[in-house]
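Heads up, the thing below is written out as structure tokens.
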Amino acid sequence: MTTLEQRIQSIEDRQALQEVITNYLVAVDDLASVEAVLDCFTEDAVFDMTGINYPSFSGLPALREFFTGVFASMSHHAHYATNFKIDSLQQDSAAARTHVIGMGVTNEGDEVLFYLQYHLGYRRSGDHWKISSFRGQSLMPLD
């Protein structure tokens, strides 16, 4: 049987994991601070969106370059996450997934719309959780 302290820690960890992906989505939608996006990731994070015909990136320098380009090319972003589910939760690592509807408008006026499931790996970094792996899987056919 788990102790009350262990149960409280589990609740706090679960909330913190969901907050990390929420912070990521808010930062991406704000299109204002690449650093706010990067604060959600570990130094060696893998960001894999090959499931929707985007490349895969490893490490913060590659993520910085990718998101700098995204922020420069988009005029609007909106992401809506639901169905957050934790698949595993250990002391210093976790795995979760969430469904995301993402949309945006490029500076040229082209619209982007996708329905994805994010598969997330997390690692505890000091007192905080960060995303160590991020993989997007399409839930609906891509146009």
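Letters for chains follow the order of the structure tokens (A, B, ...), residue numbers begin at 1 for each chain, and ligand numbers begin at 1 in the order shown.
Residue neighbourhood of Asn83 (chain A), excluding near-sequence residues (fewer than 5 positions): Arg97, Thr98 and His99 of chain A, at 8 Å, using only C-alpha atoms.
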12 Å contact set for region 3-20 of chain A, only C-alpha atoms, chain neighbours under 5 positions out, as a PyMOL selection string:
chain A and resi 25-27+36-42+81-98+120-124+127-132+134
Please produce a file of the residues just selected, as a CSV table (one decimal), in the first residue's frame, where the atoms kept are N, CA and C atoms.
chain,number,residue,atom,x,y,z
A,25,LEU,N,2.0,24.3,-25.5
A,25,LEU,CA,1.0,24.7,-26.5
A,25,LEU,C,0.7,26.2,-26.4
A,26,VAL,N,0.7,26.8,-25.2
A,26,VAL,CA,0.5,28.2,-25.0
A,26,VAL,C,1.6,29.0,-25.7
A,27,ALA,N,2.9,28.5,-25.4
A,27,ALA,CA,4.0,29.2,-26.0
A,27,ALA,C,4.1,29.2,-27.5
A,36,ALA,N,10.5,30.3,-24.5
A,36,ALA,CA,9.4,29.7,-23.7
A,36,ALA,C,9.0,28.3,-24.2
A,37,VAL,N,9.1,28.1,-25.5
A,37,VAL,CA,8.9,26.7,-26.0
A,37,VAL,C,10.0,25.8,-25.5
A,38,LEU,N,11.2,26.2,-25.7
A,38,LEU,CA,12.4,25.4,-25.4
A,38,LEU,C,12.5,25.1,-23.9
A,39,ASP,N,11.9,25.9,-23.0
A,39,ASP,CA,11.9,25.7,-21.6
A,39,ASP,C,11.1,24.4,-21.2
A,40,CYS,N,10.3,23.9,-22.1
A,40,CYS,CA,9.5,22.7,-21.9
A,40,CYS,C,10.3,21.4,-22.2
A,41,PHE,N,11.5,21.5,-22.8
A,41,PHE,CA,12.2,20.4,-23.2
A,41,PHE,C,13.6,20.2,-22.5
A,42,THR,N,14.0,18.9,-22.5
A,42,THR,CA,15.3,18.6,-22.0
A,42,THR,C,16.4,19.0,-23.0
A,81,ALA,N,-5.8,20.8,-26.8
A,81,ALA,CA,-5.4,19.5,-26.4
A,81,ALA,C,-6.5,18.9,-25.5
A,82,THR,N,-6.7,17.6,-25.6
A,82,THR,CA,-7.7,16.9,-24.8
A,82,THR,C,-7.2,15.5,-24.6
A,83,ASN,N,-8.0,14.7,-23.9
A,83,ASN,CA,-7.7,13.3,-23.7
A,83,ASN,C,-6.3,13.0,-23.2
A,84,PHE,N,-5.8,13.9,-22.2
A,84,PHE,CA,-4.5,13.6,-21.7
A,84,PHE,C,-4.5,12.4,-20.8
A,85,LYS,N,-3.6,11.4,-21.2
A,85,LYS,CA,-3.5,10.2,-20.5
A,85,LYS,C,-2.1,9.8,-20.1
A,86,ILE,N,-1.8,9.5,-18.9
A,86,ILE,CA,-0.5,9.1,-18.5
A,86,ILE,C,-0.4,7.6,-18.6
A,87,ASP,N,0.6,7.2,-19.4
A,87,ASP,CA,0.8,5.7,-19.6
A,87,ASP,C,1.7,5.1,-18.6
A,88,SER,N,2.7,5.9,-18.1
A,88,SER,CA,3.6,5.4,-17.0
A,88,SER,C,4.1,6.6,-16.3
A,89,LEU,N,4.3,6.3,-15.0
A,89,LEU,CA,4.8,7.4,-14.1
A,89,LEU,C,5.8,6.7,-13.1
A,90,GLN,N,7.1,7.0,-13.3
A,90,GLN,CA,8.1,6.5,-12.4
A,90,GLN,C,8.6,7.8,-11.6
A,91,GLN,N,9.6,7.5,-10.8
A,91,GLN,CA,10.1,8.6,-10.0
A,91,GLN,C,10.7,9.7,-10.8
A,92,ASP,N,11.5,9.4,-11.9
A,92,ASP,CA,12.1,10.5,-12.7
A,92,ASP,C,11.8,10.4,-14.1
A,93,SER,N,10.9,9.6,-14.5
A,93,SER,CA,10.5,9.5,-15.9
A,93,SER,C,9.0,9.2,-16.0
A,94,ALA,N,8.4,9.6,-17.2
A,94,ALA,CA,7.0,9.3,-17.4
A,94,ALA,C,6.7,9.3,-18.9
A,95,ALA,N,5.6,8.7,-19.2
A,95,ALA,CA,5.1,8.7,-20.6
A,95,ALA,C,3.6,9.0,-20.6
A,96,ALA,N,3.2,9.8,-21.6
A,96,ALA,CA,1.8,10.2,-21.7
A,96,ALA,C,1.5,10.5,-23.1
A,97,ARG,N,0.2,10.7,-23.4
A,97,ARG,CA,-0.3,11.1,-24.7
A,97,ARG,C,-1.4,12.0,-24.6
A,98,THR,N,-1.7,12.8,-25.6
A,98,THR,CA,-2.8,13.7,-25.6
A,98,THR,C,-3.2,13.9,-27.1
A,120,LEU,N,4.4,11.5,-25.6
A,120,LEU,CA,5.3,12.3,-24.9
A,120,LEU,C,6.1,11.5,-23.9
A,121,GLY,N,7.4,11.7,-23.9
A,121,GLY,CA,8.3,11.1,-22.9
A,121,GLY,C,8.7,12.3,-22.0
A,122,TYR,N,8.7,12.1,-20.7
A,122,TYR,CA,9.1,13.1,-19.8
A,122,TYR,C,10.3,12.7,-18.9
A,123,ARG,N,11.1,13.6,-18.5
A,123,ARG,CA,12.1,13.3,-17.5
A,123,ARG,C,12.1,14.4,-16.5
A,124,ARG,N,12.3,14.0,-15.2
A,124,ARG,CA,12.4,15.0,-14.1
A,124,ARG,C,13.7,15.7,-14.3
A,127,ASP,N,13.5,20.0,-9.9
A,127,ASP,CA,12.2,20.0,-9.3
A,127,ASP,C,11.1,20.0,-10.3
A,128,HIS,N,11.4,20.0,-11.6
A,128,HIS,CA,10.5,20.2,-12.7
A,128,HIS,C,10.5,19.0,-13.6
A,129,TRP,N,9.4,18.8,-14.3
A,129,TRP,CA,9.3,17.8,-15.4
A,129,TRP,C,9.6,18.6,-16.7
A,130,LYS,N,10.2,17.9,-17.7
A,130,LYS,CA,10.5,18.4,-19.0
A,130,LYS,C,10.2,17.3,-20.0
A,131,ILE,N,9.9,17.7,-21.2
A,131,ILE,CA,9.7,16.7,-22.3
A,131,ILE,C,11.0,16.3,-22.9
A,132,SER,N,11.2,14.9,-22.9
A,132,SER,CA,12.4,14.4,-23.4
A,132,SER,C,12.2,13.8,-24.8
A,134,PHE,N,9.0,13.7,-28.0
A,134,PHE,CA,7.8,14.3,-28.5
A,134,PHE,C,7.6,13.7,-29.9
Near-region 108-112 of chain A list (12 Å; only C-alpha atoms; drop same-chain fewer than 3 positions) as a list in words
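So the residues in contact are Ile52, Ala72, Ser73, Met74, Ser75, His76, His77, Ala78, His79, Ile101, Gly102, Met103, Gly104, Val105, Tyr115, Leu142 and Asp143 of chain A.
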Write out, as a compact mmCIF listing (two decimals), in the first residue's frame, the residues just selected, with C-alpha atoms.
# COMPACT_ATOMS: atom_id res chain seq x y z
CA ILE A 52 2.88 14.33 -40.50
CA ALA A 72 8.88 33.56 -38.59
CA SER A 73 6.55 31.87 -41.10
CA MET A 74 3.25 31.85 -39.15
CA SER A 75 0.89 34.71 -38.39
CA HIS A 76 -1.49 32.71 -36.16
CA HIS A 77 -1.51 29.43 -34.23
CA ALA A 78 -4.14 27.67 -32.14
CA HIS A 79 -3.74 24.27 -30.50
CA ILE A 101 -6.27 19.82 -32.86
CA GLY A 102 -3.83 22.31 -34.33
CA MET A 103 -4.48 25.09 -36.77
CA GLY A 104 -2.66 28.06 -38.10
CA VAL A 105 -2.30 30.63 -40.83
CA TYR A 115 -5.55 16.25 -35.76
CA LEU A 142 -3.54 14.68 -43.99
CA ASP A 143 -4.69 16.78 -46.93
To test your reading of the structure, identify every residue in region 51-128 of chain A that backbone DSSP assigns to strand (DSSP E or B), and report it as a PyMOL selection string.
chain A and resi 56-58+74-89+93-106+111-125+128
C-alpha atoms of the current selection, written as a PDB file, in the first residue's frame:
ATOM      1  CA  SER A  56      12.728  14.877 -36.692  1.00  0.00           C
ATOM      2  CA  PHE A  57      15.019  17.014 -34.536  1.00  0.00           C
ATOM      3  CA  SER A  58      17.305  16.193 -31.614  1.00  0.00           C
ATOM      4  CA  MET A  74       3.250  31.847 -39.154  1.00  0.00           C
ATOM      5  CA  SER A  75       0.886  34.708 -38.389  1.00  0.00           C
ATOM      6  CA  HIS A  76      -1.493  32.710 -36.161  1.00  0.00           C
ATOM      7  CA  HIS A  77      -1.514  29.428 -34.227  1.00  0.00           C
ATOM      8  CA  ALA A  78      -4.143  27.675 -32.136  1.00  0.00           C
ATOM      9  CA  HIS A  79      -3.738  24.269 -30.499  1.00  0.00           C
ATOM     10  CA  TYR A  80      -6.393  22.510 -28.429  1.00  0.00           C
ATOM     11  CA  ALA A  81      -5.410  19.495 -26.352  1.00  0.00           C
ATOM     12  CA  THR A  82      -7.701  16.900 -24.831  1.00  0.00           C
ATOM     13  CA  ASN A  83      -7.688  13.272 -23.659  1.00  0.00           C
ATOM     14  CA  PHE A  84      -4.467  13.645 -21.676  1.00  0.00           C
ATOM     15  CA  LYS A  85      -3.510  10.159 -20.463  1.00  0.00           C
ATOM     16  CA  ILE A  86      -0.484   9.114 -18.461  1.00  0.00           C
ATOM     17  CA  ASP A  87       0.784   5.733 -19.623  1.00  0.00           C
ATOM     18  CA  SER A  88       3.553   5.371 -17.048  1.00  0.00           C
ATOM     19  CA  LEU A  89       4.835   7.372 -14.125  1.00  0.00           C
ATOM     20  CA  SER A  93      10.470   9.496 -15.941  1.00  0.00           C
ATOM     21  CA  ALA A  94       6.987   9.340 -17.386  1.00  0.00           C
ATOM     22  CA  ALA A  95       5.126   8.703 -20.624  1.00  0.00           C
ATOM     23  CA  ALA A  96       1.828  10.246 -21.671  1.00  0.00           C
ATOM     24  CA  ARG A  97      -0.259  11.069 -24.695  1.00  0.00           C
ATOM     25  CA  THR A  98      -2.781  13.699 -25.633  1.00  0.00           C
ATOM     26  CA  HIS A  99      -4.977  14.440 -28.630  1.00  0.00           C
ATOM     27  CA  VAL A 100      -4.391  17.807 -30.290  1.00  0.00           C
ATOM     28  CA  ILE A 101      -6.274  19.820 -32.856  1.00  0.00           C
ATOM     29  CA  GLY A 102      -3.834  22.308 -34.329  1.00  0.00           C
ATOM     30  CA  MET A 103      -4.484  25.087 -36.769  1.00  0.00           C
ATOM     31  CA  GLY A 104      -2.659  28.062 -38.097  1.00  0.00           C
ATOM     32  CA  VAL A 105      -2.300  30.626 -40.834  1.00  0.00           C
ATOM     33  CA  THR A 106       0.999  31.274 -42.574  1.00  0.00           C
ATOM     34  CA  GLU A 111      -4.203  27.545 -43.625  1.00  0.00           C
ATOM     35  CA  VAL A 112      -2.887  24.558 -41.695  1.00  0.00           C
ATOM     36  CA  LEU A 113      -5.142  22.079 -39.880  1.00  0.00           C
ATOM     37  CA  PHE A 114      -4.225  18.784 -38.244  1.00  0.00           C
ATOM     38  CA  TYR A 115      -5.551  16.251 -35.760  1.00  0.00           C
ATOM     39  CA  LEU A 116      -2.762  14.503 -33.890  1.00  0.00           C
ATOM     40  CA  GLN A 117      -1.966  12.358 -30.942  1.00  0.00           C
ATOM     41  CA  TYR A 118       1.203  13.497 -29.203  1.00  0.00           C
ATOM     42  CA  HIS A 119       3.229  10.719 -27.594  1.00  0.00           C
ATOM     43  CA  LEU A 120       5.309  12.328 -24.869  1.00  0.00           C
ATOM     44  CA  GLY A 121       8.271  11.135 -22.871  1.00  0.00           C
ATOM     45  CA  TYR A 122       9.111  13.147 -19.767  1.00  0.00           C
ATOM     46  CA  ARG A 123      12.121  13.327 -17.506  1.00  0.00           C
ATOM     47  CA  ARG A 124      12.367  15.026 -14.143  1.00  0.00           C
ATOM     48  CA  SER A 125      14.869  17.874 -14.269  1.00  0.00           C
ATOM     49  CA  HIS A 128      10.466  20.179 -12.682  1.00  0.00           C
TER      50      HIS A 128
END
Go through A:Glu35, A:Glu43, A:Asp48, A:Glu65 one by one, measure the shortest atom-to-atom distance of each to Asn23 (chain A) using only C-alpha atoms, and give the residue with the smallest value.
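Answer, going by the shortest atom-to-atom distance: A:Glu35.
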So how far away is CA of Gly136 (chain A) from CA of Tyr24 (chain A), in Å?
14.0 Å
CA of Leu60 (chain A) and CA of Asp44 (chain A) are how many Å apart?
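Going from CA of Leu60 (chain A) over to CA of Asp44 (chain A) covers 6.6 Å.
Of note, CA of Gly51 (chain A) and CA of Arg135 (chain A) are spaced 7.9 Å apart.
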Using DSSP on the backbone, list every residue of region 2-129 of chain A that comes out as helix (DSSP H, G or I), and give them as JSON, numbers by chain.
{"A": [4, 5, 6, 7, 8, 9, 10, 11, 12, 13, 14, 15, 16, 17, 18, 19, 20, 21, 22, 23, 24, 25, 26, 27, 28, 29, 30, 34, 35, 36, 37, 38, 50, 51, 52, 60, 61, 62, 63, 64, 65, 66, 67, 68, 69, 70, 71, 72, 73]}
Generate the output file for the selected residues, N, CA and C atoms, as a short mmCIF file (atom, residue, chain, number, x, y, z; two decimals), in the first residue's frame.
data_model
loop_
_atom_site.label_atom_id
_atom_site.label_comp_id
_atom_site.auth_asym_id
_atom_site.auth_seq_id
_atom_site.Cartn_x
_atom_site.Cartn_y
_atom_site.Cartn_z
N LEU A 4 0.44 8.15 2.17
CA LEU A 4 -0.24 9.39 1.81
C LEU A 4 0.73 10.31 1.07
N GLU A 5 1.96 10.37 1.51
CA GLU A 5 2.96 11.21 0.85
C GLU A 5 3.20 10.75 -0.59
N GLN A 6 3.29 9.46 -0.83
CA GLN A 6 3.47 8.93 -2.18
C GLN A 6 2.26 9.25 -3.06
N ARG A 7 1.09 9.14 -2.50
CA ARG A 7 -0.12 9.43 -3.28
C ARG A 7 -0.19 10.92 -3.64
N ILE A 8 0.15 11.78 -2.70
CA ILE A 8 0.17 13.21 -2.99
C ILE A 8 1.21 13.53 -4.05
N GLN A 9 2.40 12.92 -3.94
CA GLN A 9 3.44 13.14 -4.95
C GLN A 9 2.97 12.71 -6.33
N SER A 10 2.26 11.60 -6.42
CA SER A 10 1.73 11.13 -7.69
C SER A 10 0.74 12.13 -8.28
N ILE A 11 -0.12 12.67 -7.46
CA ILE A 11 -1.08 13.68 -7.93
C ILE A 11 -0.35 14.92 -8.41
N GLU A 12 0.63 15.38 -7.65
CA GLU A 12 1.40 16.56 -8.06
C GLU A 12 2.16 16.31 -9.35
N ASP A 13 2.75 15.12 -9.49
CA ASP A 13 3.47 14.79 -10.72
C ASP A 13 2.52 14.76 -11.91
N ARG A 14 1.38 14.16 -11.76
CA ARG A 14 0.41 14.09 -12.86
C ARG A 14 -0.01 15.49 -13.30
N GLN A 15 -0.27 16.35 -12.35
CA GLN A 15 -0.64 17.73 -12.69
C GLN A 15 0.52 18.45 -13.38
N ALA A 16 1.73 18.24 -12.89
CA ALA A 16 2.90 18.89 -13.47
C ALA A 16 3.15 18.42 -14.91
N LEU A 17 2.94 17.14 -15.18
CA LEU A 17 3.13 16.62 -16.53
C LEU A 17 2.16 17.29 -17.49
N GLN A 18 0.91 17.41 -17.11
CA GLN A 18 -0.07 18.04 -17.98
C GLN A 18 0.26 19.53 -18.16
N GLU A 19 0.76 20.15 -17.11
CA GLU A 19 1.11 21.56 -17.20
C GLU A 19 2.24 21.81 -18.20
N VAL A 20 3.19 20.88 -18.29
CA VAL A 20 4.30 21.04 -19.25
C VAL A 20 3.76 21.11 -20.67
N ILE A 21 2.88 20.19 -21.06
CA ILE A 21 2.36 20.22 -22.43
C ILE A 21 1.47 21.45 -22.64
N THR A 22 0.74 21.86 -21.62
CA THR A 22 -0.06 23.08 -21.72
C THR A 22 0.84 24.29 -21.92
N ASN A 23 1.92 24.38 -21.16
CA ASN A 23 2.86 25.49 -21.32
C ASN A 23 3.46 25.50 -22.72
N TYR A 24 3.78 24.32 -23.24
CA TYR A 24 4.31 24.22 -24.61
C TYR A 24 3.29 24.76 -25.61
N LEU A 25 2.04 24.30 -25.51
CA LEU A 25 1.02 24.72 -26.48
C LEU A 25 0.74 26.22 -26.40
N VAL A 26 0.69 26.77 -25.20
CA VAL A 26 0.47 28.21 -25.04
C VAL A 26 1.64 28.98 -25.65
N ALA A 27 2.87 28.54 -25.41
CA ALA A 27 4.04 29.23 -25.97
C ALA A 27 4.05 29.15 -27.49
N VAL A 28 3.69 28.00 -28.05
CA VAL A 28 3.65 27.86 -29.50
C VAL A 28 2.55 28.77 -30.08
N ASP A 29 1.42 28.82 -29.42
CA ASP A 29 0.32 29.66 -29.92
C ASP A 29 0.61 31.15 -29.79
N ASP A 30 1.37 31.54 -28.78
CA ASP A 30 1.71 32.96 -28.61
C ASP A 30 2.61 33.47 -29.74
N VAL A 34 10.51 31.80 -28.55
CA VAL A 34 11.04 30.46 -28.79
C VAL A 34 11.61 29.90 -27.50
N GLU A 35 12.20 30.75 -26.67
CA GLU A 35 12.77 30.28 -25.40
C GLU A 35 11.70 29.70 -24.48
N ALA A 36 10.49 30.26 -24.49
CA ALA A 36 9.40 29.70 -23.68
C ALA A 36 9.05 28.30 -24.16
N VAL A 37 9.12 28.07 -25.46
CA VAL A 37 8.89 26.72 -26.00
C VAL A 37 10.00 25.79 -25.53
N LEU A 38 11.24 26.23 -25.70
CA LEU A 38 12.39 25.39 -25.36
C LEU A 38 12.47 25.06 -23.88
N THR A 50 7.65 13.18 -37.96
CA THR A 50 7.69 12.51 -39.27
C THR A 50 6.33 11.90 -39.61
N GLY A 51 5.50 11.67 -38.61
CA GLY A 51 4.16 11.13 -38.86
C GLY A 51 3.26 12.08 -39.63
N ILE A 52 3.65 13.36 -39.70
CA ILE A 52 2.88 14.33 -40.50
C ILE A 52 3.80 15.02 -41.52
N LEU A 60 18.31 20.82 -28.14
CA LEU A 60 17.77 22.18 -28.11
C LEU A 60 18.24 23.06 -29.26
N PRO A 61 19.51 22.98 -29.71
CA PRO A 61 19.89 23.83 -30.85
C PRO A 61 19.04 23.55 -32.10
N ALA A 62 18.77 22.29 -32.39
CA ALA A 62 17.95 21.94 -33.55
C ALA A 62 16.50 22.39 -33.34
N LEU A 63 16.00 22.24 -32.13
CA LEU A 63 14.64 22.70 -31.84
C LEU A 63 14.55 24.22 -31.94
N ARG A 64 15.57 24.92 -31.47
CA ARG A 64 15.58 26.39 -31.57
C ARG A 64 15.50 26.82 -33.03
N GLU A 65 16.29 26.19 -33.86
CA GLU A 65 16.29 26.54 -35.29
C GLU A 65 14.92 26.25 -35.91
N PHE A 66 14.34 25.10 -35.60
CA PHE A 66 13.03 24.74 -36.14
C PHE A 66 11.96 25.74 -35.71
N PHE A 67 11.86 26.01 -34.41
CA PHE A 67 10.79 26.89 -33.93
C PHE A 67 11.02 28.35 -34.33
N THR A 68 12.26 28.76 -34.49
CA THR A 68 12.53 30.11 -35.00
C THR A 68 11.95 30.24 -36.40
N GLY A 69 12.13 29.21 -37.22
CA GLY A 69 11.55 29.22 -38.57
C GLY A 69 10.03 29.18 -38.54
N VAL A 70 9.47 28.36 -37.66
CA VAL A 70 8.01 28.29 -37.54
C VAL A 70 7.45 29.65 -37.13
N PHE A 71 8.03 30.26 -36.12
CA PHE A 71 7.53 31.55 -35.64
C PHE A 71 7.63 32.62 -36.72
N ALA A 72 8.69 32.57 -37.53
CA ALA A 72 8.88 33.56 -38.59
C ALA A 72 7.89 33.37 -39.73
N SER A 73 7.41 32.15 -39.94
CA SER A 73 6.55 31.87 -41.10
C SER A 73 5.06 31.89 -40.80
#
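Distance check against Gln137 (chain A) using only C-alpha atoms: of A:Asn53, A:Asn107, A:Gly59, A:Ala32, the minimum falls on A:Asn53.
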